[in-house]
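Okay, upload.cif is below, mmCIF, C-alpha atoms:
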```cif
data_structure
#
loop_
_atom_site.label_atom_id
_atom_site.label_comp_id
_atom_site.auth_asym_id
_atom_site.auth_seq_id
_atom_site.Cartn_x
_atom_site.Cartn_y
_atom_site.Cartn_z
CA MET D 1 -50.04 -34.57 8.83
CA ASP D 2 -51.35 -38.04 9.73
CA LEU D 3 -48.99 -40.91 9.30
CA ASP D 4 -50.08 -44.43 8.51
CA TYR D 5 -48.33 -46.19 11.37
CA ALA D 6 -49.53 -49.66 10.35
CA PHE D 7 -47.86 -49.12 6.98
CA MET D 8 -44.65 -47.99 8.64
CA LEU D 9 -44.58 -50.98 10.99
CA LYS D 10 -45.24 -53.33 8.11
CA TYR D 11 -42.37 -52.03 5.99
CA ALA D 12 -39.83 -51.28 8.72
CA PRO D 13 -38.32 -54.80 8.45
CA HIS D 14 -37.98 -54.31 4.69
CA PHE D 15 -35.94 -51.19 5.33
CA ALA D 16 -33.75 -53.10 7.77
CA GLY D 17 -33.14 -55.73 5.08
CA ALA D 18 -32.37 -53.07 2.49
CA ALA D 19 -29.97 -51.40 4.91
CA LEU D 20 -28.15 -54.71 5.29
CA THR D 21 -27.82 -54.98 1.50
CA ALA D 22 -26.37 -51.47 1.36
CA LEU D 23 -24.02 -52.18 4.27
CA ARG D 24 -22.82 -55.45 2.75
CA LEU D 25 -21.92 -53.67 -0.51
CA ALA D 26 -20.45 -50.74 1.42
CA PHE D 27 -18.28 -53.15 3.44
CA TRP D 28 -16.66 -54.61 0.32
CA GLY D 29 -16.40 -51.22 -1.33
CA ILE D 30 -14.71 -49.70 1.73
CA ALA D 31 -12.39 -52.71 2.20
CA PHE D 32 -11.21 -52.50 -1.43
CA SER D 33 -10.98 -48.69 -1.21
CA CYS D 34 -8.64 -48.99 1.76
CA LEU D 35 -6.41 -51.51 -0.02
CA LEU D 36 -6.41 -49.51 -3.25
CA GLY D 37 -5.84 -46.26 -1.37
CA LEU D 38 -2.96 -47.69 0.64
CA ALA D 39 -1.35 -49.16 -2.48
CA CYS D 40 -1.66 -45.84 -4.36
CA CYS D 41 -0.29 -43.97 -1.37
CA LEU D 42 2.74 -46.28 -1.13
CA PHE D 43 3.44 -45.98 -4.87
CA ARG D 44 3.33 -42.19 -4.54
CA PHE D 45 5.31 -42.12 -1.30
CA TYR D 46 8.17 -44.14 -2.80
CA ARG D 47 7.84 -42.41 -6.21
CA THR D 48 7.71 -45.81 -7.89
CA PRO D 49 8.43 -45.28 -11.59
CA ALA D 50 5.29 -45.36 -13.78
CA LEU D 51 3.08 -46.78 -11.00
CA GLY D 52 3.49 -43.60 -8.95
CA ARG D 53 2.36 -41.51 -11.92
CA ILE D 54 -0.56 -43.81 -12.67
CA ALA D 55 -1.65 -43.71 -9.03
CA GLY D 56 -1.51 -39.90 -9.13
CA ALA D 57 -3.66 -39.70 -12.26
CA TYR D 58 -6.11 -42.23 -10.85
CA ILE D 59 -6.49 -40.27 -7.59
CA GLU D 60 -7.35 -37.08 -9.51
CA LEU D 61 -9.74 -38.91 -11.83
CA SER D 62 -11.63 -40.65 -9.02
CA ARG D 63 -11.86 -37.60 -6.80
CA ASN D 64 -13.08 -35.26 -9.52
CA THR D 65 -15.94 -37.29 -11.04
CA PRO D 66 -19.35 -38.17 -9.55
CA LEU D 67 -20.09 -41.75 -8.47
CA LEU D 68 -23.38 -41.64 -10.38
CA VAL D 69 -21.55 -41.10 -13.69
CA GLN D 70 -18.96 -43.77 -12.79
CA LEU D 71 -21.76 -46.27 -12.12
CA PHE D 72 -23.60 -45.44 -15.34
CA PHE D 73 -20.40 -45.95 -17.28
CA LEU D 74 -19.70 -49.30 -15.61
CA TYR D 75 -23.26 -50.59 -15.79
CA PHE D 76 -24.51 -49.26 -19.13
CA GLY D 77 -21.32 -48.37 -20.98
CA LEU D 78 -18.91 -51.25 -20.41
CA PRO D 79 -21.23 -54.04 -21.65
CA LYS D 80 -21.05 -52.36 -25.08
CA ALA D 81 -17.28 -52.95 -25.00
CA GLY D 82 -17.90 -56.60 -24.18
CA ILE D 83 -17.39 -56.36 -20.41
CA PHE D 84 -20.48 -57.56 -18.56
CA LEU D 85 -20.80 -56.95 -14.83
CA GLU D 86 -23.62 -57.74 -12.40
CA ALA D 87 -25.27 -54.77 -10.70
CA GLU D 88 -23.66 -55.69 -7.37
CA GLN D 89 -20.23 -56.02 -8.95
CA CYS D 90 -20.66 -52.58 -10.54
CA ALA D 91 -21.70 -51.11 -7.21
CA VAL D 92 -18.67 -52.49 -5.36
CA LEU D 93 -16.33 -51.63 -8.23
CA GLY D 94 -17.71 -48.07 -8.50
CA LEU D 95 -17.51 -47.47 -4.76
CA SER D 96 -13.95 -48.84 -4.65
CA PHE D 97 -12.93 -46.66 -7.59
CA LEU D 98 -14.34 -43.57 -5.91
CA GLY D 99 -13.18 -44.48 -2.41
CA GLY D 100 -9.66 -45.49 -3.44
CA GLY D 101 -8.81 -41.89 -4.37
CA TYR D 102 -10.23 -40.51 -1.13
CA MET D 103 -8.54 -43.17 1.02
CA ALA D 104 -5.20 -42.54 -0.75
CA GLU D 105 -5.41 -38.86 0.20
CA ALA D 106 -6.30 -39.76 3.79
CA PHE D 107 -3.30 -42.12 4.04
CA ARG D 108 -1.07 -39.50 2.42
CA SER D 109 -1.86 -36.99 5.16
CA GLY D 110 -0.81 -39.65 7.68
CA PHE D 111 2.39 -40.58 5.85
CA GLU D 112 3.42 -36.94 5.57
CA ALA D 113 3.00 -36.51 9.31
CA VAL D 114 5.62 -39.18 10.11
CA SER D 115 8.77 -37.23 10.79
CA ARG D 116 11.99 -37.77 8.89
CA VAL D 117 13.73 -38.53 12.21
CA GLN D 118 11.56 -41.59 12.76
CA ILE D 119 12.45 -43.01 9.34
CA GLU D 120 16.15 -42.30 9.78
CA ALA D 121 16.12 -43.80 13.26
CA GLY D 122 14.55 -46.95 11.80
CA LEU D 123 17.14 -47.09 9.03
CA SER D 124 20.03 -46.64 11.47
CA LEU D 125 18.66 -49.57 13.48
CA GLY D 126 19.10 -51.63 10.33
CA LEU D 127 15.41 -52.11 9.49
CA GLY D 128 14.67 -53.20 5.93
CA ARG D 129 12.26 -51.30 3.69
CA ALA D 130 9.29 -53.59 4.48
CA GLN D 131 10.05 -53.57 8.20
CA LEU D 132 10.31 -49.80 8.16
CA VAL D 133 6.87 -49.48 6.56
CA ALA D 134 5.19 -52.11 8.72
CA ARG D 135 6.72 -51.26 12.09
CA VAL D 136 7.57 -47.56 12.00
CA ILE D 137 5.67 -45.66 9.34
CA LEU D 138 2.28 -47.39 9.14
CA PRO D 139 1.43 -47.43 12.87
CA GLN D 140 2.15 -43.71 13.19
CA ALA D 141 0.65 -42.73 9.84
CA PHE D 142 -2.49 -44.70 10.62
CA ALA D 143 -3.01 -42.90 13.94
CA VAL D 144 -2.85 -39.52 12.20
CA ALA D 145 -5.04 -40.65 9.29
CA VAL D 146 -7.84 -42.14 11.39
CA PRO D 147 -10.10 -39.02 11.47
CA ALA D 148 -9.86 -38.66 7.67
CA LEU D 149 -10.38 -42.41 7.15
CA ALA D 150 -13.42 -42.34 9.45
CA ALA D 151 -14.90 -39.39 7.57
CA ASN D 152 -14.40 -41.34 4.33
CA VAL D 153 -16.17 -44.40 5.73
CA ILE D 154 -19.25 -42.30 6.59
CA PHE D 155 -19.05 -40.57 3.20
CA LEU D 156 -18.85 -43.87 1.31
CA ILE D 157 -21.78 -45.39 3.20
CA LYS D 158 -23.84 -42.33 2.34
CA GLU D 159 -22.84 -42.70 -1.31
CA THR D 160 -24.46 -46.17 -1.38
CA SER D 161 -27.80 -44.34 -1.66
CA ILE D 162 -26.86 -43.90 -5.33
CA PHE D 163 -26.81 -47.70 -5.86
CA SER D 164 -30.58 -47.43 -6.27
CA VAL D 165 -30.01 -46.42 -9.91
CA LEU D 166 -28.66 -49.93 -10.59
CA ALA D 167 -31.97 -51.35 -9.29
CA LEU D 168 -30.21 -52.76 -6.23
CA GLU D 169 -32.61 -52.91 -3.32
CA ASP D 170 -31.02 -50.42 -0.93
CA PRO D 171 -33.15 -48.19 1.37
CA THR D 172 -33.40 -45.42 -1.24
CA PHE D 173 -34.61 -47.84 -3.91
CA LEU D 174 -37.15 -49.31 -1.50
CA ALA D 175 -38.48 -45.87 -0.56
CA LYS D 176 -38.90 -44.90 -4.22
CA ASP D 177 -40.56 -48.25 -4.91
CA LEU D 178 -43.04 -47.82 -2.06
CA ILE D 179 -43.85 -44.25 -3.14
CA GLY D 180 -44.49 -45.52 -6.65
CA MET D 181 -46.70 -48.40 -5.51
CA TYR D 182 -48.72 -46.97 -2.60
CA TYR D 183 -48.25 -43.17 -2.70
CA ASN D 184 -47.38 -43.29 1.02
CA THR D 185 -44.78 -40.64 0.38
CA SER D 186 -44.40 -39.23 3.89
CA GLU D 187 -44.21 -42.64 5.55
CA ALA D 188 -41.69 -44.06 3.08
CA LEU D 189 -39.47 -40.97 3.29
CA LEU D 190 -39.63 -40.91 7.08
CA LEU D 191 -38.65 -44.59 7.22
CA LEU D 192 -35.82 -43.85 4.80
CA VAL D 193 -34.41 -41.05 6.96
CA LEU D 194 -34.80 -43.17 10.11
CA THR D 195 -32.96 -46.06 8.42
CA TYR D 196 -29.93 -43.91 7.61
CA LEU D 197 -30.08 -42.40 11.09
CA ALA D 198 -30.12 -45.85 12.70
CA VAL D 199 -27.12 -46.95 10.64
CA LEU D 200 -24.99 -43.82 10.62
CA LEU D 201 -25.57 -42.28 14.04
CA PRO D 202 -24.15 -45.23 16.06
CA LEU D 203 -21.35 -45.64 13.54
CA SER D 204 -20.48 -41.95 13.69
CA LEU D 205 -20.40 -42.04 17.51
CA PHE D 206 -18.27 -45.20 17.46
CA LEU D 207 -15.79 -43.65 15.01
CA ASN D 208 -15.60 -40.53 17.19
CA ARG D 209 -14.61 -42.65 20.17
CA LEU D 210 -12.11 -44.58 18.09
CA GLU D 211 -10.53 -41.29 16.97
CA LYS D 212 -10.17 -40.19 20.58
CA ARG D 213 -8.56 -43.51 21.55
CA VAL D 214 -6.09 -43.44 18.68
CA ARG D 215 -5.23 -39.79 19.36
CA HIS D 216 -4.67 -40.77 22.97
CA ALA D 217 -2.14 -43.38 21.93
CA GLU D 218 -0.46 -40.87 19.64
CA PHE D 219 0.41 -38.51 22.49
CA GLY D 220 1.40 -41.42 24.71
CA ARG D 221 -0.54 -40.16 27.69
CA MET N 1 -15.37 -44.69 -37.15
CA GLN N 2 -18.90 -45.62 -38.18
CA SER N 3 -18.57 -49.14 -36.85
CA LEU N 4 -17.38 -47.97 -33.43
CA GLY N 5 -20.44 -45.76 -33.08
CA VAL N 6 -18.41 -42.91 -31.63
CA ASN N 7 -20.11 -40.60 -34.12
CA VAL N 8 -23.10 -40.47 -31.74
CA ILE N 9 -21.32 -37.63 -29.95
CA PHE N 10 -21.10 -35.48 -33.06
CA ASP N 11 -24.48 -36.40 -34.61
CA GLY N 12 -26.94 -33.56 -35.15
CA ASN N 13 -26.66 -31.01 -32.39
CA ASN N 14 -25.77 -33.54 -29.70
CA LEU N 15 -22.65 -31.66 -28.59
CA ILE N 16 -24.61 -28.41 -28.26
CA ARG N 17 -27.30 -30.19 -26.23
CA LEU N 18 -24.67 -31.68 -23.92
CA GLY N 19 -23.22 -28.19 -23.55
CA GLU N 20 -26.65 -26.87 -22.59
CA GLY N 21 -26.99 -29.68 -20.05
CA LEU N 22 -23.60 -28.81 -18.63
CA TRP N 23 -24.74 -25.20 -18.33
CA VAL N 24 -27.75 -26.33 -16.22
CA THR N 25 -25.36 -28.36 -14.04
CA MET N 26 -23.04 -25.39 -13.60
CA ARG N 27 -25.91 -22.99 -12.92
CA ILE N 28 -27.15 -25.19 -10.08
CA ALA N 29 -23.65 -25.82 -8.73
CA PHE N 30 -22.53 -22.20 -8.73
CA SER N 31 -25.74 -20.68 -7.37
CA SER N 32 -25.65 -23.25 -4.53
CA ALA N 33 -21.96 -22.51 -3.99
CA LEU N 34 -22.67 -18.78 -3.76
CA PHE N 35 -25.49 -19.26 -1.22
CA SER N 36 -23.40 -21.76 0.75
CA MET N 37 -20.38 -19.47 0.95
CA VAL N 38 -22.34 -16.42 2.10
CA LEU N 39 -24.69 -18.25 4.47
CA GLY N 40 -21.87 -20.55 5.57
CA VAL N 41 -19.85 -17.65 6.98
CA PHE N 42 -22.85 -16.65 9.11
CA ALA N 43 -23.37 -20.29 10.10
CA GLY N 44 -19.70 -20.42 11.10
CA ILE N 45 -20.13 -17.33 13.29
CA ALA N 46 -23.20 -18.96 14.88
CA MET N 47 -21.23 -22.18 15.43
CA SER N 48 -18.53 -20.35 17.35
CA ALA N 49 -20.98 -18.15 19.28
CA ARG N 50 -20.70 -17.82 23.06
CA PHE N 51 -24.44 -18.56 23.51
CA LYS N 52 -24.52 -22.30 24.15
CA PRO N 53 -28.08 -23.16 22.94
CA LEU N 54 -27.26 -21.59 19.57
CA ARG N 55 -24.08 -23.64 19.34
CA LEU N 56 -26.00 -26.82 20.17
CA LEU N 57 -28.64 -26.00 17.57
CA MET N 58 -25.96 -25.47 14.90
CA ARG N 59 -24.25 -28.70 15.96
CA LEU N 60 -27.56 -30.56 15.50
CA TYR N 61 -27.97 -28.95 12.06
CA LEU N 62 -24.44 -29.96 11.00
CA GLU N 63 -24.75 -33.55 12.23
CA THR N 64 -28.17 -33.97 10.58
CA VAL N 65 -26.78 -32.83 7.25
CA ARG N 66 -23.66 -34.98 7.64
CA ILE N 67 -25.66 -38.12 8.42
CA THR N 68 -28.31 -37.84 5.68
CA PRO N 69 -27.28 -38.68 2.11
CA VAL N 70 -27.83 -35.75 -0.26
CA LEU N 71 -29.99 -37.96 -2.51
CA VAL N 72 -32.30 -38.58 0.46
CA LEU N 73 -32.50 -34.83 1.15
CA LEU N 74 -33.41 -34.27 -2.51
CA PHE N 75 -36.17 -36.89 -2.42
CA LEU N 76 -37.37 -35.59 0.93
CA LEU N 77 -37.86 -32.05 -0.30
CA TYR N 78 -38.92 -32.86 -3.85
CA PHE N 79 -41.58 -35.43 -3.01
CA SER N 80 -42.81 -34.29 0.39
CA LEU N 81 -43.26 -30.56 -0.31
CA SER N 82 -45.93 -31.28 -2.88
CA LYS N 83 -47.51 -34.02 -0.80
CA ILE N 84 -47.64 -32.26 2.58
CA PHE N 85 -47.70 -28.56 1.77
CA TYR N 86 -49.25 -28.76 -1.72
CA LEU N 87 -46.27 -26.71 -2.87
CA SER N 88 -44.80 -27.51 -6.25
CA LEU N 89 -41.25 -26.31 -6.82
CA SER N 90 -39.21 -26.98 -9.93
CA ALA N 91 -36.49 -29.61 -9.68
CA GLU N 92 -33.88 -26.89 -10.14
CA THR N 93 -35.22 -24.82 -7.23
CA VAL N 94 -35.36 -27.90 -5.00
CA ALA N 95 -31.82 -28.83 -6.00
CA ILE N 96 -30.45 -25.35 -5.22
CA LEU N 97 -32.31 -25.32 -1.88
CA VAL N 98 -30.98 -28.75 -0.88
CA PHE N 99 -27.40 -28.14 -2.01
CA SER N 100 -27.36 -24.75 -0.26
CA PHE N 101 -28.75 -26.34 2.92
CA TRP N 102 -25.99 -28.97 2.75
CA GLY N 103 -23.25 -26.58 1.62
CA THR N 104 -24.07 -24.00 4.30
CA ALA N 105 -23.55 -26.61 7.02
CA GLU N 106 -20.23 -27.76 5.53
CA MET N 107 -19.06 -24.19 4.88
CA GLY N 108 -20.10 -23.22 8.41
CA ASP N 109 -17.90 -25.94 9.84
CA ILE N 110 -15.00 -24.81 7.64
CA ALA N 111 -15.47 -21.19 8.78
CA ARG N 112 -15.67 -22.28 12.43
CA GLY N 113 -12.46 -24.26 12.03
CA ALA N 114 -10.75 -21.33 10.29
CA VAL N 115 -11.58 -18.88 13.07
CA ALA N 116 -10.69 -21.42 15.78
CA SER N 117 -7.31 -22.06 14.16
CA ILE N 118 -6.14 -18.47 14.68
CA PRO N 119 -3.96 -18.43 17.81
CA LEU N 120 -5.42 -16.52 20.73
CA HIS N 121 -2.37 -14.27 21.01
CA GLN N 122 -3.22 -12.72 17.63
CA ARG N 123 -6.49 -11.37 19.02
CA GLU N 124 -4.81 -10.35 22.28
CA SER N 125 -1.93 -8.59 20.51
CA GLY N 126 -4.47 -6.62 18.52
CA LEU N 127 -6.31 -5.62 21.69
CA ALA N 128 -3.02 -4.69 23.36
CA LEU N 129 -2.25 -2.38 20.44
CA GLY N 130 -5.52 -0.61 21.18
CA MET N 131 -7.53 -1.87 18.19
CA GLY N 132 -11.32 -1.71 18.32
CA PRO N 133 -13.47 -4.74 17.43
CA ALA N 134 -13.93 -3.58 13.81
CA GLN N 135 -10.19 -3.03 13.33
CA LEU N 136 -9.46 -6.36 15.02
CA TYR N 137 -11.66 -8.18 12.51
CA ALA N 138 -10.63 -6.16 9.47
CA TYR N 139 -6.86 -6.25 9.97
CA ILE N 140 -6.16 -9.35 12.06
CA LEU N 141 -8.86 -12.01 12.13
CA ILE N 142 -10.54 -11.92 8.72
CA PRO N 143 -7.32 -11.81 6.61
CA GLN N 144 -5.92 -14.81 8.48
CA ALA N 145 -9.21 -16.74 8.52
CA ALA N 146 -9.70 -16.10 4.78
CA ARG N 147 -6.43 -17.84 3.96
CA ARG N 148 -7.70 -21.01 5.58
CA LEU N 149 -11.29 -20.51 4.47
CA LEU N 150 -10.81 -19.96 0.77
CA PRO N 151 -8.97 -23.18 -0.24
CA ALA N 152 -11.43 -25.33 1.74
CA GLY N 153 -14.34 -23.33 0.35
CA ILE N 154 -13.17 -23.85 -3.24
CA ASN N 155 -12.75 -27.54 -2.49
CA LEU N 156 -16.39 -27.56 -1.39
CA VAL N 157 -17.31 -26.16 -4.83
CA THR N 158 -15.86 -29.27 -6.55
CA ARG N 159 -17.91 -31.44 -4.20
CA LEU N 160 -21.01 -29.40 -5.07
CA ILE N 161 -20.36 -29.78 -8.81
CA LYS N 162 -20.00 -33.56 -8.45
CA THR N 163 -23.13 -33.81 -6.32
CA THR N 164 -25.21 -31.99 -8.95
CA ALA N 165 -25.16 -35.22 -10.98
CA LEU N 166 -27.94 -36.35 -8.63
CA VAL N 167 -30.42 -33.78 -9.96
CA SER N 168 -31.06 -36.00 -12.98
CA LEU N 169 -32.74 -38.41 -10.52
CA ILE N 170 -35.44 -35.86 -9.67
CA GLY N 171 -36.05 -35.12 -13.33
CA GLU N 172 -33.88 -32.06 -13.97
CA VAL N 173 -32.44 -32.06 -17.50
CA ASP N 174 -28.77 -31.69 -16.61
CA VAL N 175 -25.79 -32.98 -18.59
CA LEU N 176 -26.40 -36.58 -17.45
CA LYS N 177 -30.09 -36.52 -18.39
CA VAL N 178 -29.26 -35.06 -21.81
CA GLY N 179 -26.79 -37.92 -22.21
CA GLN N 180 -29.53 -40.44 -21.45
CA GLN N 181 -31.85 -38.79 -23.98
CA ILE N 182 -29.10 -38.97 -26.61
CA ILE N 183 -28.54 -42.66 -25.81
CA GLU N 184 -32.25 -43.41 -26.10
CA HIS N 185 -32.46 -41.66 -29.43
CA ALA N 186 -29.30 -43.40 -30.70
CA SER N 187 -30.73 -46.80 -29.79
CA LEU N 188 -33.67 -46.01 -32.09
CA LEU N 189 -31.11 -45.35 -34.82
CA ARG N 190 -29.58 -48.75 -34.03
CA ASN N 191 -26.35 -47.47 -32.55
CA PRO N 192 -25.79 -49.90 -29.70
CA MET N 193 -22.41 -48.42 -28.73
CA ALA N 194 -23.88 -45.06 -27.67
CA PRO N 195 -23.89 -45.62 -23.85
CA LEU N 196 -20.14 -46.34 -23.81
CA TRP N 197 -19.15 -43.13 -25.61
CA VAL N 198 -21.74 -40.81 -24.10
CA TYR N 199 -21.06 -41.86 -20.49
CA ALA N 200 -17.30 -41.75 -21.08
CA LEU N 201 -17.66 -38.21 -22.47
CA ILE N 202 -19.79 -37.08 -19.50
CA PHE N 203 -17.24 -38.65 -17.14
CA LEU N 204 -14.49 -36.60 -18.80
CA LEU N 205 -16.66 -33.45 -18.86
CA TYR N 206 -17.11 -33.60 -15.10
CA PHE N 207 -13.39 -34.16 -14.70
CA ALA N 208 -12.59 -31.25 -17.00
CA VAL N 209 -14.75 -28.95 -14.88
CA CYS N 210 -13.78 -30.19 -11.40
CA TYR N 211 -10.05 -30.73 -11.83
CA PRO N 212 -9.07 -27.08 -12.51
CA VAL N 213 -11.14 -25.98 -9.51
CA ALA N 214 -9.44 -28.62 -7.34
CA LEU N 215 -6.04 -27.50 -8.62
CA LEU N 216 -6.81 -23.89 -7.78
CA SER N 217 -7.80 -24.90 -4.25
CA ARG N 218 -4.58 -26.87 -3.76
CA ARG N 219 -2.38 -24.08 -5.13
CA LEU N 220 -3.95 -21.51 -2.82
CA GLU N 221 -3.53 -23.90 0.10
CA ASN N 222 0.18 -24.41 -0.61
CA LYS N 223 0.74 -20.71 -1.21
CA TRP N 224 -0.86 -19.69 2.08
CA ARG N 225 0.32 -22.57 4.20
CA ASN N 226 2.38 -20.30 6.49
#
```
Would you encode the structure as structure tokens?
Amino acid sequence: MDLDYAFMLKYAPHFAGAALTALRLAFWGIAFSCLLGLACCLFRFYRTPALGRIAGAYIELSRNTPLLVQLFFLYFGLPKAGIFLEAEQCAVLGLSFLGGGYMAEAFRSGFEAVSRVQIEAGLSLGLGRAQLVARVILPQAFAVAVPALAANVIFLIKETSIFSVLALEDPTFLAKDLIGMYYNTSEALLLLVLTYLAVLLPLSLFLNRLEKRVRHAEFGR
Amino acid sequence: MQSLGVNVIFDGNNLIRLGEGLWVTMRIAFSSALFSMVLGVFAGIAMSARFKPLRLLMRLYLETVRITPVLVLLFLLYFSLSKIFYLSLSAETVAILVFSFWGTAEMGDIARGAVASIPLHQRESGLALGMGPAQLYAYILIPQAARRLLPAGINLVTRLIKTTALVSLIGEVDVLKVGQQIIEHASLLRNPMAPLWVYALIFLLYFAVCYPVALLSRRLENKWRN
């Protein structure tokens, strides 16, 4: 198999640009997922009337449907009901909808790991509800949830490859475009794999180290 | 209801066609799940092997699969096989190959975790009672590992079902592709509302299939927790 290296060199910067687009959208999607997930988790944890139920239904709905179908519904379906969204808005909204459910479950595992004794100790010290959450529960829950949260971050970044169906120029879209235009299939696909490797390998290693550090703090050694 | 355009779902044999599409989706998901489960157990054994090079090789396999999006794997196999090896496989075959490749790695990691989670004293107690290796596996290790393996394995099935939505992007006529065909046809019949209803229905169809499987996984997990 001979590769056209000149072609690969020429288009490598394009892939870097496309990766930045995907990462920018992933950043907002992940940020909103975390907020949404945390909110849902708190509603469920405190069994807030109505909101707790809604959060539960939302978590099941988002975790049991594919992102591709969610995006098609947002991008092609909603305009027919009079709601018009840009492709990028759909992408961020879809990723947040999907990620929110996963993040909620990750936070839940952390919340459940905080022992009853800790909460009661906080209450006996006279901490208010908000103080209890911010100073006792969240720091401990977060430490336990970090591995699951990190896995979700990698998962959500990988899911951005589906944004290509909204004609957003992410690496996958670019690769398909190049294959369509120049038939340099092998080169475009190799660049595509290398792009994801360059983004996800360092991130995965970084998250691994972060997990170790947080775990370290957890045991207080 | 005419004005809302919701009738697009019931027009002609649209519902039957969507059902056929769903069948293609399920066929791909369950054959990949079957391959993943069987091969995954072997992968799990290889991942916990004493021979270090084998363990490293399996680790490399797992990390590669974890870092590459499934859509990229699909494109990689679907487009490059024909280009490099002049081998033309159907989209369905490619999909099952890719999902099994991905599922085997994930299942392998689950199996490795399940075996590693059994306390060492269980194995040692068995040995102390004079059990042979076959008895040790049959009566001690496999029953305990299965209780951790099965819920996670079933959970992997829901992930496989959701991921099959991607096969429409390499041209397989699954439930999503059928939906798009129905929408295209409806737009010829001047029903502009079709995308809303058809995509909402497909969204609910996926949920209706995945949710019971997810529930089953959770119930087994709670039942076997201790």
Applied to the shown file, which residues does the PyMOL selection byres ((chain N and resi 18) around 9) return, written as a ChimeraX atom specification? /N:13-17,19-23,174-176,178-179,182,202
Just the residues within 8 Å of region 182-195 of chain D, please, counting only C-alpha atoms, with nothing from its chain fewer than 4 positions along; format it as a VMD selection string. (chain D and resid 3 to 5 7 to 8 12 15 to 16 19 171 to 172 175 to 176 178 199) or (chain N and resid 68 72 75 to 76 79 to 80 83 to 84)
Would you write out, as a Markdown table, a table of all residues in chain N that have an atom no more than 9 Å from an atom of chain D, listing for each the closest atom pair and the distance in Å to one decimal, considering all atoms listed in the file and ordering rows by chain and rising residue number?
```
| residue | atom | partner | partner_atom | distance |
| --- | --- | --- | --- | --- |
| N:Glu63 | CA | D:Leu201 | CA | 9.0 |
| N:Thr64 | CA | D:Leu197 | CA | 8.7 |
| N:Arg66 | CA | D:Phe155 | CA | 8.5 |
| N:Ile67 | CA | D:Leu200 | CA | 6.1 |
| N:Thr68 | CA | D:Tyr196 | CA | 6.6 |
| N:Pro69 | CA | D:Lys158 | CA | 5.0 |
| N:Val70 | CA | D:Lys158 | CA | 8.1 |
| N:Leu71 | CA | D:Ser161 | CA | 6.8 |
| N:Val72 | CA | D:Thr172 | CA | 7.1 |
| N:Leu73 | CA | D:Val193 | CA | 8.7 |
| N:Phe75 | CA | D:Leu189 | CA | 7.8 |
| N:Leu76 | CA | D:Leu189 | CA | 6.2 |
| N:Phe79 | CA | D:Thr185 | CA | 7.0 |
| N:Ser80 | CA | D:Ser186 | CA | 6.3 |
| N:Lys83 | CA | D:Thr185 | CA | 7.3 |
| N:Ile84 | CA | D:Met1 | CA | 7.1 |
| N:Thr158 | CA | D:Asn64 | CA | 7.2 |
| N:Arg159 | CA | D:Asn64 | CA | 8.1 |
| N:Ile161 | CA | D:Pro66 | CA | 8.5 |
| N:Lys162 | CA | D:Pro66 | CA | 4.8 |
| N:Thr163 | CA | D:Pro66 | CA | 6.6 |
| N:Thr164 | CA | D:Pro66 | CA | 8.5 |
| N:Ala165 | CA | D:Pro66 | CA | 6.7 |
| N:Leu166 | CA | D:Leu68 | CA | 7.2 |
| N:Leu169 | CA | D:Val165 | CA | 8.5 |
| N:Leu176 | CA | D:Val69 | CA | 7.6 |
| N:Pro192 | CA | D:Lys80 | CA | 7.1 |
| N:Met193 | CA | D:Lys80 | CA | 5.5 |
| N:Ala194 | CA | D:Gly77 | CA | 7.9 |
| N:Pro195 | CA | D:Gly77 | CA | 4.7 |
| N:Leu196 | CA | D:Gly77 | CA | 3.7 |
| N:Trp197 | CA | D:Gly77 | CA | 7.3 |
| N:Val198 | CA | D:Gly77 | CA | 8.2 |
| N:Tyr199 | CA | D:Phe73 | CA | 5.2 |
| N:Ala200 | CA | D:Phe73 | CA | 6.5 |
| N:Ile202 | CA | D:Val69 | CA | 7.3 |
| N:Phe203 | CA | D:Val69 | CA | 6.0 |
| N:Leu204 | CA | D:Thr65 | CA | 7.9 |
| N:Leu205 | CA | D:Thr65 | CA | 8.7 |
| N:Tyr206 | CA | D:Thr65 | CA | 5.6 |
| N:Phe207 | CA | D:Asn64 | CA | 5.3 |
| N:Ala208 | CA | D:Asn64 | CA | 8.5 |
| N:Val209 | CA | D:Asn64 | CA | 8.4 |
| N:Cys210 | CA | D:Asn64 | CA | 5.5 |
| N:Tyr211 | CA | D:Asn64 | CA | 5.9 |
| N:Ala214 | CA | D:Asn64 | CA | 7.9 |
```
Which residue is closest to Leu220 (chain N)? Choose from N:Leu150, N:Val94, N:Met37, N:Ala186 and count all atoms listed in the file.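 When distances to Leu220 (chain N) are compared using all atoms listed in the file, the smallest one comes from N:Leu150.
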The PyMOL selection byres ((chain D and resi 96) around 7) - which residues does that actually catch in the file I just gave you? List them as a list of chain:residue names. D:Gly29, D:Ile30, D:Phe32, D:Ser33, D:Val92, D:Leu93, D:Gly94, D:Leu95, D:Phe97, D:Leu98, D:Gly99, D:Gly100
Residues just named, written with C-alpha atoms as a CSV table (one decimal), in the frame of the given file:
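The resulting again.csv:
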```
chain,number,residue,atom,x,y,z
D,29,GLY,CA,-16.4,-51.2,-1.3
D,30,ILE,CA,-14.7,-49.7,1.7
D,32,PHE,CA,-11.2,-52.5,-1.4
D,33,SER,CA,-11.0,-48.7,-1.2
D,92,VAL,CA,-18.7,-52.5,-5.4
D,93,LEU,CA,-16.3,-51.6,-8.2
D,94,GLY,CA,-17.7,-48.1,-8.5
D,95,LEU,CA,-17.5,-47.5,-4.8
D,97,PHE,CA,-12.9,-46.7,-7.6
D,98,LEU,CA,-14.3,-43.6,-5.9
D,99,GLY,CA,-13.2,-44.5,-2.4
D,100,GLY,CA,-9.7,-45.5,-3.4
```
